[in-house]
file structure_3.cif (mmCIF, C-alpha atoms)
data_upload
#
loop_
_atom_site.label_atom_id
_atom_site.label_comp_id
_atom_site.auth_asym_id
_atom_site.auth_seq_id
_atom_site.Cartn_x
_atom_site.Cartn_y
_atom_site.Cartn_z
CA MET A 1 16.05 50.40 18.74
CA ASN A 2 16.28 53.91 17.38
CA ALA A 3 19.95 54.49 16.65
CA PHE A 4 19.55 58.18 17.39
CA SER A 5 18.02 57.66 20.85
CA SER A 6 21.24 58.38 22.76
CA PHE A 7 21.66 61.73 21.03
CA PHE A 8 18.11 62.84 20.29
CA PRO A 9 16.11 62.44 23.54
CA ALA A 10 12.37 62.90 23.64
CA ALA A 11 11.37 66.56 23.59
CA SER A 12 8.68 66.21 26.24
CA ARG A 13 8.34 64.24 29.44
CA LYS A 14 4.62 63.65 29.63
CA THR A 15 2.56 60.98 31.29
CA ARG A 16 2.02 58.10 28.87
CA LEU A 17 0.13 54.83 28.74
CA LEU A 18 2.01 51.78 27.56
CA THR A 19 1.09 48.16 26.85
CA VAL A 20 3.62 45.34 26.60
CA LEU A 21 3.22 41.70 25.66
CA ASP A 22 5.70 39.03 26.76
CA VAL A 23 5.21 36.04 24.44
CA GLY A 24 7.13 33.18 26.00
CA SER A 25 7.17 29.41 25.68
CA THR A 26 5.80 28.93 29.22
CA LYS A 27 3.57 31.95 29.76
CA ILE A 28 2.11 34.91 27.91
CA CYS A 29 1.95 38.09 29.97
CA CYS A 30 0.34 41.45 29.19
CA ILE A 31 0.96 44.58 31.28
CA ILE A 32 -0.70 47.97 30.89
CA ALA A 33 1.21 50.71 32.70
CA ARG A 34 1.30 54.45 33.18
CA LEU A 35 4.64 56.19 32.76
CA ARG A 36 4.95 59.34 34.88
CA PRO A 37 7.92 61.72 34.51
CA LEU A 38 10.37 61.58 37.39
CA ASP A 39 10.65 64.72 39.50
CA GLY A 40 14.18 65.46 40.63
CA ALA A 41 16.86 62.79 40.76
CA LYS A 42 16.41 59.53 38.95
CA VAL A 43 15.56 56.57 41.11
CA LEU A 44 17.26 53.93 38.97
CA SER A 45 19.87 54.27 36.26
CA GLY A 46 18.40 54.67 32.79
CA ARG A 47 14.88 55.52 34.01
CA SER A 48 13.20 58.74 32.95
CA HIS A 49 9.71 57.80 34.18
CA LYS A 50 8.01 56.12 37.11
CA LEU A 51 6.20 52.91 36.18
CA GLU A 52 2.75 52.29 37.61
CA VAL A 53 0.99 49.08 36.58
CA LEU A 54 -2.70 49.54 35.77
CA GLY A 55 -3.54 46.15 34.30
CA PHE A 56 -1.96 42.72 34.41
CA GLY A 57 -2.87 39.46 32.70
CA VAL A 58 -1.04 36.16 32.39
CA GLN A 59 -1.94 32.91 30.66
CA ARG A 60 -0.25 29.59 30.17
CA SER A 61 1.49 29.75 26.80
CA ARG A 62 0.13 27.65 23.96
CA GLY A 63 1.30 27.44 20.38
CA VAL A 64 4.80 28.79 21.16
CA LYS A 65 7.97 26.69 21.12
CA ALA A 66 11.47 28.08 21.72
CA GLY A 67 10.18 31.59 21.15
CA VAL A 68 8.60 30.74 17.77
CA ILE A 69 4.91 30.52 16.90
CA VAL A 70 4.14 26.90 15.99
CA ASP A 71 0.33 26.93 16.35
CA LEU A 72 -1.21 30.21 15.22
CA ILE A 73 -4.71 29.62 16.56
CA ALA A 74 -3.61 28.38 20.00
CA ALA A 75 -1.14 31.27 20.40
CA GLU A 76 -3.76 33.80 19.31
CA GLN A 77 -6.23 32.52 21.89
CA ALA A 78 -3.65 32.69 24.70
CA ILE A 79 -2.69 36.24 23.70
CA CYS A 80 -6.35 37.33 23.61
CA LEU A 81 -6.97 35.91 27.10
CA ALA A 82 -3.90 37.61 28.59
CA VAL A 83 -4.68 40.97 26.98
CA ASP A 84 -8.35 40.76 27.96
CA ALA A 85 -7.45 40.16 31.63
CA ALA A 86 -5.11 43.18 31.62
CA GLU A 87 -7.73 45.36 29.92
CA ARG A 88 -10.42 44.43 32.43
CA MET A 89 -8.12 45.19 35.36
CA ALA A 90 -7.07 48.56 33.88
CA GLY A 91 -10.54 49.52 32.61
CA LEU A 92 -9.03 50.26 29.19
CA VAL A 93 -8.87 48.70 25.76
CA VAL A 94 -5.56 48.93 23.92
CA ASP A 95 -4.89 48.47 20.25
CA SER A 96 -1.08 48.27 20.10
CA VAL A 97 1.68 46.56 22.08
CA ILE A 98 5.43 46.36 22.48
CA VAL A 99 6.42 42.69 22.15
CA ASN A 100 9.57 40.67 22.85
CA VAL A 101 11.48 38.34 20.51
CA SER A 102 13.49 35.34 21.67
CA CYS A 103 13.77 33.08 18.61
CA ARG A 104 16.91 31.00 18.06
CA SER A 105 17.70 32.84 14.81
CA MET A 106 18.61 36.00 16.73
CA ALA A 107 22.19 37.12 16.06
CA SER A 108 24.56 39.97 16.95
CA HIS A 109 26.66 41.85 14.41
CA HIS A 110 29.08 44.75 14.71
CA VAL A 111 29.41 47.10 11.75
CA LYS A 112 31.48 50.23 11.12
CA ALA A 113 30.80 53.29 9.00
CA GLN A 114 32.66 56.54 8.30
CA VAL A 115 31.81 59.90 6.71
CA PRO A 116 34.07 62.88 5.82
CA LEU A 117 33.84 66.05 7.91
CA ASP A 118 34.10 69.71 7.04
CA GLY A 119 34.57 71.38 10.40
CA ALA A 120 33.04 70.55 13.79
CA VAL A 121 30.69 67.63 14.42
CA ASP A 122 27.09 68.77 14.71
CA MET A 123 23.72 67.03 14.74
CA ARG A 124 23.67 66.85 10.96
CA GLU A 125 26.99 65.01 10.86
CA LEU A 126 25.81 62.62 13.57
CA ARG A 127 22.73 61.82 11.54
CA ARG A 128 24.88 61.20 8.47
CA VAL A 129 27.23 58.74 10.15
CA LEU A 130 24.41 56.91 11.92
CA ALA A 131 22.51 56.66 8.64
CA ALA A 132 25.65 55.20 7.04
CA GLY A 133 25.84 52.66 9.87
CA SER A 134 22.18 51.78 9.41
CA ALA A 135 22.82 51.22 5.70
CA GLU A 136 25.53 48.70 6.66
CA ALA A 137 23.01 47.00 8.94
CA PHE A 138 20.43 46.61 6.19
CA ALA A 139 23.13 45.20 3.93
CA LEU A 140 23.13 42.14 6.20
CA GLY A 141 19.88 41.11 4.50
CA ARG A 142 18.00 40.26 7.72
CA PRO A 143 15.33 42.13 9.69
CA VAL A 144 16.96 44.52 12.18
CA LEU A 145 15.65 44.50 15.76
CA HIS A 146 18.18 46.92 17.28
CA SER A 147 20.76 49.30 15.87
CA VAL A 148 22.86 50.70 18.72
CA PRO A 149 25.80 53.11 18.35
CA VAL A 150 28.48 51.67 20.63
CA SER A 151 31.29 54.19 20.10
CA PHE A 152 32.57 56.85 17.71
CA SER A 153 35.97 57.57 16.23
CA LEU A 154 37.46 60.82 15.00
CA ASP A 155 40.41 60.73 12.60
CA GLY A 156 41.29 57.26 13.84
CA GLU A 157 40.98 58.08 17.55
CA LYS A 158 38.64 55.40 18.91
CA ASP A 159 36.24 55.02 21.84
CA ILE A 160 34.81 58.55 21.71
CA ALA A 161 31.51 58.52 23.60
CA ASP A 162 30.06 61.79 22.28
CA PRO A 163 31.81 63.58 19.39
CA ARG A 164 29.54 66.64 19.24
CA ASP A 165 31.39 69.96 18.76
CA MET A 166 34.68 68.11 18.24
CA VAL A 167 36.78 68.89 15.13
CA GLY A 168 38.23 66.42 12.64
CA GLU A 169 38.31 65.26 9.04
CA ALA A 170 36.53 61.88 9.31
CA LEU A 171 33.82 60.72 11.73
CA GLY A 172 33.31 56.99 12.25
CA VAL A 173 30.85 54.90 14.24
CA LYS A 174 30.78 51.33 15.51
CA MET A 175 27.28 49.90 15.82
CA HIS A 176 25.82 46.79 17.41
CA ILE A 177 23.15 45.29 15.19
CA VAL A 178 20.73 42.63 16.41
CA THR A 179 18.94 40.74 13.64
CA ALA A 180 16.52 37.83 13.51
CA GLY A 181 15.00 35.52 10.93
CA SER A 182 12.20 36.99 8.85
CA ALA A 183 9.70 34.11 9.26
CA PRO A 184 9.57 34.08 13.10
CA LEU A 185 9.08 37.87 13.21
CA ARG A 186 6.40 37.88 10.54
CA ASN A 187 4.48 35.03 12.15
CA LEU A 188 4.67 36.67 15.59
CA GLU A 189 3.33 39.93 14.21
CA HIS A 190 0.65 38.10 12.19
CA CYS A 191 -0.48 36.26 15.32
CA ILE A 192 -0.78 39.52 17.27
CA ASN A 193 -2.63 41.16 14.36
CA ARG A 194 -5.13 38.29 14.40
CA ALA A 195 -5.84 39.25 18.02
CA HIS A 196 -6.85 42.71 16.69
CA LEU A 197 -3.69 44.36 17.97
CA SER A 198 -0.84 46.11 16.19
CA VAL A 199 2.85 45.89 17.06
CA GLU A 200 4.48 49.18 18.07
CA THR A 201 7.97 47.68 18.14
CA MET A 202 9.79 44.42 18.79
CA VAL A 203 12.48 44.11 21.47
CA ALA A 204 15.07 41.35 21.88
CA THR A 205 14.27 39.42 25.07
CA PRO A 206 17.88 39.44 26.37
CA PHE A 207 17.97 43.24 26.16
CA ALA A 208 14.59 43.62 27.89
CA SER A 209 15.63 41.30 30.72
CA ALA A 210 18.89 43.20 31.27
CA LEU A 211 17.07 46.53 31.45
CA SER A 212 14.88 45.31 34.31
CA VAL A 213 17.48 43.61 36.52
CA LEU A 214 20.76 45.55 36.17
CA VAL A 215 21.19 48.19 38.87
CA GLY A 216 23.62 50.93 39.79
CA ASP A 217 26.77 50.98 37.66
CA GLU A 218 26.54 47.34 36.52
CA ALA A 219 25.79 48.25 32.91
CA MET A 220 28.57 50.85 32.86
CA LEU A 221 31.19 48.60 34.46
CA GLY A 222 30.14 45.60 32.38
CA ALA A 223 27.63 42.86 33.12
CA ILE A 224 26.23 39.70 31.58
CA CYS A 225 22.54 38.89 31.94
CA VAL A 226 21.39 35.31 31.39
CA ASP A 227 17.62 34.78 31.25
CA LEU A 228 16.66 31.13 31.79
CA GLY A 229 13.20 30.94 30.26
CA GLY A 230 10.95 27.98 29.63
CA GLY A 231 11.86 27.24 26.02
CA THR A 232 14.99 29.36 25.50
CA THR A 233 17.93 30.80 27.40
CA THR A 234 18.94 34.26 26.25
CA ILE A 235 22.25 36.03 26.84
CA SER A 236 22.98 39.74 26.78
CA VAL A 237 26.15 41.72 27.50
CA LEU A 238 26.24 45.40 28.44
CA ASN A 239 29.54 47.28 28.61
CA LYS A 240 30.18 50.99 29.19
CA GLY A 241 26.42 51.41 29.36
CA LYS A 242 25.91 50.01 25.84
CA PHE A 243 24.11 46.86 24.66
CA VAL A 244 26.93 45.03 22.85
CA PHE A 245 25.93 41.37 22.48
CA ALA A 246 22.85 39.12 22.34
CA ASP A 247 22.38 35.40 21.78
CA THR A 248 19.74 32.69 22.22
CA ILE A 249 20.06 29.02 23.17
CA ALA A 250 17.03 26.87 22.33
CA ILE A 251 17.09 25.10 25.71
CA GLY A 252 15.24 26.19 28.82
CA SER A 253 13.68 24.99 32.06
CA ASP A 254 10.94 23.12 30.17
CA HIS A 255 13.63 20.73 28.96
CA ILE A 256 14.43 19.88 32.59
CA THR A 257 10.75 19.04 33.09
CA MET A 258 10.77 16.80 30.03
CA ASP A 259 13.94 15.03 31.24
CA ILE A 260 12.21 14.27 34.56
CA ALA A 261 9.07 13.05 32.81
CA ARG A 262 11.08 10.71 30.58
CA GLY A 263 13.34 9.53 33.38
CA PHE A 264 10.45 8.53 35.65
CA SER A 265 7.86 7.77 32.90
CA ILE A 266 5.39 10.22 34.43
CA THR A 267 3.18 13.02 33.11
CA LEU A 268 4.58 16.47 32.40
CA GLU A 269 2.33 17.95 35.09
CA GLU A 270 3.75 15.62 37.75
CA ALA A 271 7.30 16.23 36.47
CA GLU A 272 6.83 19.99 36.82
CA ARG A 273 5.46 19.51 40.34
CA LEU A 274 8.48 17.41 41.33
CA LYS A 275 10.88 19.98 39.85
CA VAL A 276 9.28 22.89 41.72
CA MET A 277 8.73 21.16 45.06
CA TYR A 278 11.72 18.82 45.38
CA GLY A 279 14.06 19.65 42.50
CA SER A 280 17.64 20.79 43.08
CA ALA A 281 20.68 21.20 40.86
CA LEU A 282 22.93 20.13 43.74
CA ASN A 283 23.86 16.52 44.44
CA VAL A 284 23.53 16.16 48.20
CA ALA A 285 24.55 12.92 49.91
CA ALA A 286 21.55 13.13 52.22
CA ASP A 287 19.25 12.83 49.19
CA ASP A 288 20.06 9.10 49.02
CA LYS A 289 18.25 8.66 52.34
CA HIS A 290 15.11 10.52 51.23
CA SER A 291 12.56 9.30 48.73
CA TYR A 292 9.20 10.38 47.43
CA THR A 293 6.13 8.53 46.27
CA LEU A 294 4.64 8.92 42.81
CA PRO A 295 0.84 8.99 42.71
CA PRO A 296 -0.60 6.12 40.62
CA GLU A 297 -2.44 8.46 38.23
CA SER A 298 0.82 10.22 37.23
CA ARG A 299 2.70 7.05 36.17
CA LEU A 300 2.59 6.18 32.46
CA THR A 301 4.12 2.70 32.79
CA ASP A 302 4.74 0.05 35.45
CA THR A 303 7.36 2.20 37.17
CA PRO A 304 8.23 1.84 40.87
CA GLU A 305 6.14 3.88 43.27
CA ARG A 306 9.10 5.32 45.20
CA PHE A 307 12.34 6.96 44.05
CA PRO A 308 15.36 8.33 45.92
CA ARG A 309 15.46 12.10 45.71
CA ALA A 310 19.09 11.82 44.54
CA VAL A 311 17.86 10.41 41.21
CA LEU A 312 15.84 13.57 40.61
CA SER A 313 18.85 15.75 41.46
CA ARG A 314 21.09 13.84 39.03
CA ILE A 315 18.60 14.29 36.18
CA ILE A 316 18.32 18.02 36.86
CA ARG A 317 22.07 18.50 37.34
CA ALA A 318 22.90 16.90 33.98
CA ARG A 319 20.65 19.28 32.02
CA VAL A 320 21.67 22.35 34.03
CA GLU A 321 25.37 21.68 33.47
CA GLU A 322 24.80 21.21 29.74
CA LEU A 323 22.94 24.52 29.52
CA LEU A 324 25.53 26.43 31.54
CA GLU A 325 28.40 24.96 29.52
CA MET A 326 26.68 26.08 26.30
CA THR A 327 26.27 29.56 27.79
CA ARG A 328 29.97 29.64 28.71
CA ASP A 329 30.97 28.55 25.20
CA ARG A 330 28.75 31.15 23.52
CA LEU A 331 30.27 33.89 25.65
CA ALA A 332 33.78 32.67 24.91
CA ARG A 333 33.15 32.65 21.15
CA SER A 334 31.71 36.15 21.28
CA ARG A 335 34.90 37.52 22.99
CA PHE A 336 32.67 39.63 25.24
CA GLY A 337 32.93 36.99 27.95
CA ARG A 338 36.60 37.92 28.33
CA LEU A 339 36.03 41.64 27.80
CA VAL A 340 33.46 41.99 30.56
CA ASP A 341 34.94 41.20 33.97
CA GLY A 342 31.88 42.33 35.87
CA ARG A 343 29.32 40.14 37.52
CA LEU A 344 26.79 37.86 35.87
CA VAL A 345 23.08 38.21 36.65
CA LEU A 346 20.82 35.17 36.37
CA THR A 347 17.12 35.80 35.84
CA GLY A 348 14.05 34.16 34.31
CA GLY A 349 11.82 31.47 35.77
CA GLY A 350 14.52 28.79 35.52
CA ALA A 351 16.87 30.84 37.72
CA GLN A 352 14.62 30.10 40.70
CA LEU A 353 15.60 26.41 40.70
CA THR A 354 17.21 25.40 44.01
CA GLY A 355 20.99 25.13 43.82
CA LEU A 356 21.28 26.60 40.32
CA PRO A 357 23.33 29.67 41.39
CA ASP A 358 25.92 27.42 43.07
CA VAL A 359 26.30 25.25 39.97
CA ALA A 360 26.46 28.35 37.76
CA ARG A 361 29.27 29.85 39.83
CA SER A 362 31.25 26.65 39.39
CA VAL A 363 30.67 26.20 35.65
CA LEU A 364 30.87 29.85 34.58
CA ASN A 365 33.57 30.78 37.11
CA ARG A 366 32.00 34.17 37.80
CA ARG A 367 30.47 36.15 40.61
CA LEU A 368 26.73 36.16 40.13
CA ARG A 369 23.40 36.98 41.68
CA ILE A 370 19.73 36.34 40.94
CA GLY A 371 18.09 39.34 39.28
CA ARG A 372 14.48 40.39 39.79
CA PRO A 373 12.56 43.28 38.17
CA LEU A 374 12.90 46.54 40.11
CA GLY A 375 11.36 49.99 40.18
CA VAL A 376 7.76 49.17 39.20
CA SER A 377 4.78 49.90 41.43
CA GLY A 378 1.47 48.07 41.28
CA LEU A 379 2.85 44.71 40.13
CA PRO A 380 0.97 41.72 41.60
CA GLU A 381 3.01 39.70 44.08
CA MET A 382 3.29 36.79 41.64
CA ALA A 383 4.89 39.06 39.01
CA ARG A 384 7.71 40.36 41.21
CA GLY A 385 9.93 37.34 40.70
CA ALA A 386 12.64 36.61 38.16
CA ALA A 387 10.15 34.94 35.78
CA PHE A 388 8.73 38.37 34.82
CA SER A 389 12.00 40.20 34.15
CA ALA A 390 11.47 40.33 30.38
CA ALA A 391 7.92 41.68 30.71
CA VAL A 392 9.02 44.49 33.04
CA GLY A 393 12.00 45.20 30.80
CA LEU A 394 9.63 45.88 27.92
CA LEU A 395 8.12 48.66 30.03
CA ILE A 396 11.58 50.16 30.62
CA TYR A 397 12.73 49.89 26.99
CA PRO A 398 10.88 52.99 25.70
CA GLN A 399 12.69 55.12 28.27
CA SER A 400 16.09 53.99 27.02
CA ALA A 401 15.12 54.16 23.35
CA GLY A 402 13.42 57.56 23.29
CA PHE A 403 10.20 55.77 22.39
CA GLU A 404 7.98 57.36 25.05
CA GLU A 405 6.60 59.80 22.49
CA GLN A 406 4.73 56.87 20.93
CA GLN A 407 1.48 56.94 22.86
CA VAL A 408 -0.58 53.77 23.11
CA ARG A 409 -4.19 54.57 22.21
CA ALA A 410 -6.75 53.49 24.79
CA VAL A 411 -10.52 53.86 25.28
CA PRO A 412 -12.74 53.07 28.28
CA VAL A 413 -13.52 49.39 28.44
CA GLN A 414 -17.27 50.00 28.74
CA GLN A 415 -17.30 51.49 25.23
CA ALA A 416 -15.49 48.59 23.60
CA THR A 417 -16.97 45.32 22.49
CA GLU A 418 -15.31 42.91 20.09
CA THR A 419 -17.29 44.49 17.25
CA GLY A 420 -16.45 47.96 18.53
CA ARG A 421 -12.77 47.15 18.49
CA ARG A 422 -12.97 46.19 14.81
CA PHE A 423 -14.72 49.48 13.96
CA GLN A 424 -12.06 51.33 15.93
CA LYS A 425 -9.42 49.67 13.75
CA VAL A 426 -11.25 50.63 10.54
CA GLY A 427 -11.64 54.21 11.72
CA ARG A 428 -7.98 54.47 12.54
CA TRP A 429 -7.03 53.10 9.10
CA LEU A 430 -9.31 55.63 7.38
CA ARG A 431 -7.86 58.56 9.37
CA GLU A 432 -4.29 57.56 8.61
CA SER A 433 -4.91 56.73 4.93
CA PHE A 434 -7.00 59.70 3.91
#

call {"tool": "encode", "arguments": {"input": "structure_3.cif", "output": "structure tokens"}}
result
Amino acid sequence: MNAFSSFFPAASRKTRLLTVLDVGSTKICCIIARLRPLDGAKVLSGRSHKLEVLGFGVQRSRGVKAGVIVDLIAAEQAICLAVDAAERMAGLVVDSVIVNVSCRSMASHHVKAQVPLDGAVDMRELRRVLAAGSAEAFALGRPVLHSVPVSFSLDGEKDIADPRDMVGEALGVKMHIVTAGSAPLRNLEHCINRAHLSVETMVATPFASALSVLVGDEAMLGAICVDLGGGTTTISVLNKGKFVFADTIAIGSDHITMDIARGFSITLEEAERLKVMYGSALNVAADDKHSYTLPPESRLTDTPERFPRAVLSRIIRARVEELLEMTRDRLARSRFGRLVDGRLVLTGGGAQLTGLPDVARSVLNRRLRIGRPLGVSGLPEMARGAAFSAAVGLLIYPQSAGFEEQQVRAVPVQQATETGRRFQKVGRWLRESF
């Protein structure tokens, strides 16, 4: 994130085209959207543009595990298919994307910096102190995904939201820095480049998810967003309108599917079907009286044909409780779990599991709700659920980061073949290099 975004908003509010790519462990989703400036009052907090989806493509993820590329060729093919479907629907060809990052090496850091003052705080002094904070971030020795000014201080007085035109002798800043491992980021970008696309910017998945599901004053009053994805569970905390914490747990809803497959010695496809159709995180006494039949072709060994539904619930409940307890412990260690008294929002595909909110309320001891992406027109019906929160959040991110000036280049689809796209890339390189 641009550290200056809160203080240096975009100069113009023009209509822009934007392409985002959600690279997950379960699905890969591409959305092409038009951002139109809002006329009058803002519809949702933090939005400066209306979002209108022009193209949408989704493919089953391949070559991605726990947010990390593990098979370059398979992941490249899945990305190409998702992008191609979105391009055909929009009638455009794009050459750059905003992409999310959800690898387990993601980490939050808080750094402080201070510069001397000679009079009132102006834009020059703000740039100086933010540059000093950014220097502290780079001293961490890891790639920086986000660099967010959380608060300022003036001569020791803390929690100043906007110090412009104030007078003092020393200006300080506290910044939230989100970093990630170099190898996962480089391999993700390399995979996208192999699909003949460039990366405009990378966004932490927990931040993107929070942007799409938090409403009203939730971010200002304090809220925790937990995105239960297929291969990872990501956690973000927003307080006083600022992104203050991010974390990733390398366990997701796919692990529940694998537990069911191992427990019943059945195929992953059948295990996923059982989870979606009959699965519940609640142990209900009536489940002992109900059973289901496994089709012969799904059984991998000489397992019984019928099982009580209660067995399925116990398998699911064990994994869900483990995941929620890990989430609770991560929040406790971060100290933001105690700082933020506001509600918790569950989102992601795993949040749609029957009974999960009830178990989460018990384990996390918080008020919570299921969050779904809001404020986007033209989304297909299938993409309006919690599973697509991160993808929609990537569309919202440029509005909060002052990134809308970065226009995504697009040409009519009729003029673009695979060969044409390569020549377009060469032409762009020549224009920028010479």

call {"tool": "residues_around", "arguments": {"input": "structure_3.cif", "residues": "Ala113 (chain A)", "least_positions_apart": "5", "cutoff": "6 Å", "atoms": "all atoms listed in the file", "output": "MDAnalysis selection string"}}
result
chainID A and resid 132:133 172:173

call {"tool": "atom_distance", "arguments": {"input": "structure_3.cif", "atom1": "CA of Thr15 (chain A)", "atom2": "CA of Ser96 (chain A)"}}
result
17.3 Å

call {"tool": "closest_residue", "arguments": {"input": "structure_3.cif", "among": "A:Ile73, A:His196, A:Leu188, A:Tyr397", "to": "Asp95 (chain A)", "atoms": "only C-alpha atoms"}}
result
A:His196

call {"tool": "resolve_selection", "arguments": {"input": "structure_3.cif", "expression": "the PyMOL selection byres ((chain A and resi 189) around 12)", "output": "compact mmCIF listing (two decimals) with C-alpha atoms, keeping the file's coordinate frame"}}
result
# COMPACT_ATOMS: atom_id res chain seq x y z
CA LEU A 21 3.22 41.70 25.66
CA VAL A 23 5.21 36.04 24.44
CA VAL A 68 8.60 30.74 17.77
CA ILE A 69 4.91 30.52 16.90
CA LEU A 72 -1.21 30.21 15.22
CA ALA A 75 -1.14 31.27 20.40
CA GLU A 76 -3.76 33.80 19.31
CA ILE A 79 -2.69 36.24 23.70
CA SER A 96 -1.08 48.27 20.10
CA VAL A 97 1.68 46.56 22.08
CA ILE A 98 5.43 46.36 22.48
CA VAL A 99 6.42 42.69 22.15
CA ASN A 100 9.57 40.67 22.85
CA VAL A 101 11.48 38.34 20.51
CA SER A 182 12.20 36.99 8.85
CA ALA A 183 9.70 34.11 9.26
CA PRO A 184 9.57 34.08 13.10
CA LEU A 185 9.08 37.87 13.21
CA ARG A 186 6.40 37.88 10.54
CA ASN A 187 4.48 35.03 12.15
CA LEU A 188 4.67 36.67 15.59
CA HIS A 190 0.65 38.10 12.19
CA CYS A 191 -0.48 36.26 15.32
CA ILE A 192 -0.78 39.52 17.27
CA ASN A 193 -2.63 41.16 14.36
CA ARG A 194 -5.13 38.29 14.40
CA ALA A 195 -5.84 39.25 18.02
CA HIS A 196 -6.85 42.71 16.69
CA LEU A 197 -3.69 44.36 17.97
CA SER A 198 -0.84 46.11 16.19
CA VAL A 199 2.85 45.89 17.06
CA GLU A 200 4.48 49.18 18.07
CA THR A 201 7.97 47.68 18.14
CA MET A 202 9.79 44.42 18.79

call {"tool": "atom_distance", "arguments": {"input": "structure_3.cif", "atom1": "CA of Lys27 (chain A)", "atom2": "CA of Arg60 (chain A)"}}
result
4.5 Å

call {"tool": "atom_distance", "arguments": {"input": "structure_3.cif", "atom1": "CA of Leu374 (chain A)", "atom2": "CA of Gly91 (chain A)"}}
result
24.8 Å

call {"tool": "resolve_selection", "arguments": {"input": "structure_3.cif", "expression": "the PyMOL selection byres ((chain A and resi 136) around 12)", "output": "number ranges by chain"}}
result
A: 109-114, 129-135, 137-142, 144, 147, 173-177

call {"tool": "closest_residue", "arguments": {"input": "structure_3.cif", "among": "A:Ala161, A:Leu18, A:Ile28, A:Pro357", "to": "Leu92 (chain A)", "atoms": "all atoms listed in the file"}}
result
A:Leu18

call {"tool": "residues_around", "arguments": {"input": "structure_3.cif", "residues": "region 212-219 of chain A", "least_positions_apart": "6", "cutoff": "10 Å", "atoms": "all atoms listed in the file", "output": "JSON, numbers by chain"}}
result
{"A": [43, 44, 45, 46, 225, 237, 238, 239, 240, 241, 242, 243, 342, 343, 344, 345, 346, 347, 370, 371, 372, 373, 374, 375, 376, 386, 388, 389, 390, 391, 392, 393, 394, 395, 396, 397]}

call {"tool": "residues_around", "arguments": {"input": "structure_3.cif", "residues": "Gly181 (chain A)", "least_positions_apart": "5", "cutoff": "7 Å", "atoms": "all atoms listed in the file", "output": "number ranges by chain"}}
result
A: 105-106, 142-143

call {"tool": "closest_residue", "arguments": {"input": "structure_3.cif", "among": "A:Val244, A:Ala318, A:Val276, A:Val359", "to": "Ser151 (chain A)", "atoms": "only C-alpha atoms"}}
result
A:Val244

call {"tool": "residues_near_point", "arguments": {"input": "structure_3.cif", "point": "(34.0, 63.3, 18.9)", "cutoff": "6 Å", "atoms": "only C-alpha atoms", "output": "list in words"}}
result
Leu154, Ile160, Asp162, Pro163, Arg164 and Met166 of chain A

call {"tool": "resolve_selection", "arguments": {"input": "structure_3.cif", "expression": "the PyMOL selection byres ((chain A and resi 35-37) around 6)", "output": "PyMOL selection string"}}
result
chain A and resi 13+15-16+34+38+49-51

call {"tool": "residues_near_point", "arguments": {"input": "structure_3.cif", "point": "(23.9, 66.8, 15.3)", "cutoff": "12 Å", "atoms": "all atoms listed in the file", "output": "PDB file with C-alpha atoms, in the coordinates of the input"}}
result
ATOM      1  CA  PHE A   4      19.550  58.180  17.390  1.00  0.00           C
ATOM      2  CA  SER A   6      21.240  58.380  22.760  1.00  0.00           C
ATOM      3  CA  PHE A   7      21.660  61.730  21.030  1.00  0.00           C
ATOM      4  CA  PHE A   8      18.110  62.840  20.290  1.00  0.00           C
ATOM      5  CA  ALA A 120      33.040  70.550  13.790  1.00  0.00           C
ATOM      6  CA  VAL A 121      30.690  67.630  14.420  1.00  0.00           C
ATOM      7  CA  ASP A 122      27.090  68.770  14.710  1.00  0.00           C
ATOM      8  CA  MET A 123      23.720  67.030  14.740  1.00  0.00           C
ATOM      9  CA  ARG A 124      23.670  66.850  10.960  1.00  0.00           C
ATOM     10  CA  GLU A 125      26.990  65.010  10.860  1.00  0.00           C
ATOM     11  CA  LEU A 126      25.810  62.620  13.570  1.00  0.00           C
ATOM     12  CA  ARG A 127      22.730  61.820  11.540  1.00  0.00           C
ATOM     13  CA  ARG A 128      24.880  61.200   8.470  1.00  0.00           C
ATOM     14  CA  VAL A 129      27.230  58.740  10.150  1.00  0.00           C
ATOM     15  CA  LEU A 130      24.410  56.910  11.920  1.00  0.00           C
ATOM     16  CA  ASP A 162      30.060  61.790  22.280  1.00  0.00           C
ATOM     17  CA  PRO A 163      31.810  63.580  19.390  1.00  0.00           C
ATOM     18  CA  ARG A 164      29.540  66.640  19.240  1.00  0.00           C
ATOM     19  CA  ASP A 165      31.390  69.960  18.760  1.00  0.00           C
ATOM     20  CA  MET A 166      34.680  68.110  18.240  1.00  0.00           C
TER      21      MET A 166
END

call {"tool": "decode", "arguments": {"input": "structure_3.cif", "residues": "region 240-255 of chain A", "atoms": "C-alpha atoms", "output": "mmCIF file, in the first residue's frame"}}
result
data_model
loop_
_atom_site.group_PDB
_atom_site.id
_atom_site.type_symbol
_atom_site.label_atom_id
_atom_site.label_comp_id
_atom_site.auth_asym_id
_atom_site.auth_seq_id
_atom_site.Cartn_x
_atom_site.Cartn_y
_atom_site.Cartn_z
ATOM 1 C CA LYS A 240 -9.903 3.445 14.109
ATOM 2 C CA GLY A 241 -10.243 2.932 10.382
ATOM 3 C CA LYS A 242 -6.662 1.640 10.029
ATOM 4 C CA PHE A 243 -5.357 -1.790 8.977
ATOM 5 C CA VAL A 244 -3.319 -2.780 12.049
ATOM 6 C CA PHE A 245 -2.759 -6.553 11.942
ATOM 7 C CA ALA A 246 -2.594 -9.471 9.495
ATOM 8 C CA ASP A 247 -1.812 -13.158 9.898
ATOM 9 C CA THR A 248 -2.183 -16.443 8.014
ATOM 10 C CA ILE A 249 -2.876 -19.970 9.253
ATOM 11 C CA ALA A 250 -2.018 -22.747 6.790
ATOM 12 C CA ILE A 251 -5.269 -24.627 7.456
ATOM 13 C CA GLY A 252 -8.521 -24.185 5.563
ATOM 14 C CA SER A 253 -11.728 -25.894 4.517
ATOM 15 C CA ASP A 254 -9.836 -28.274 2.207
ATOM 16 C CA HIS A 255 -8.369 -29.875 5.323
#
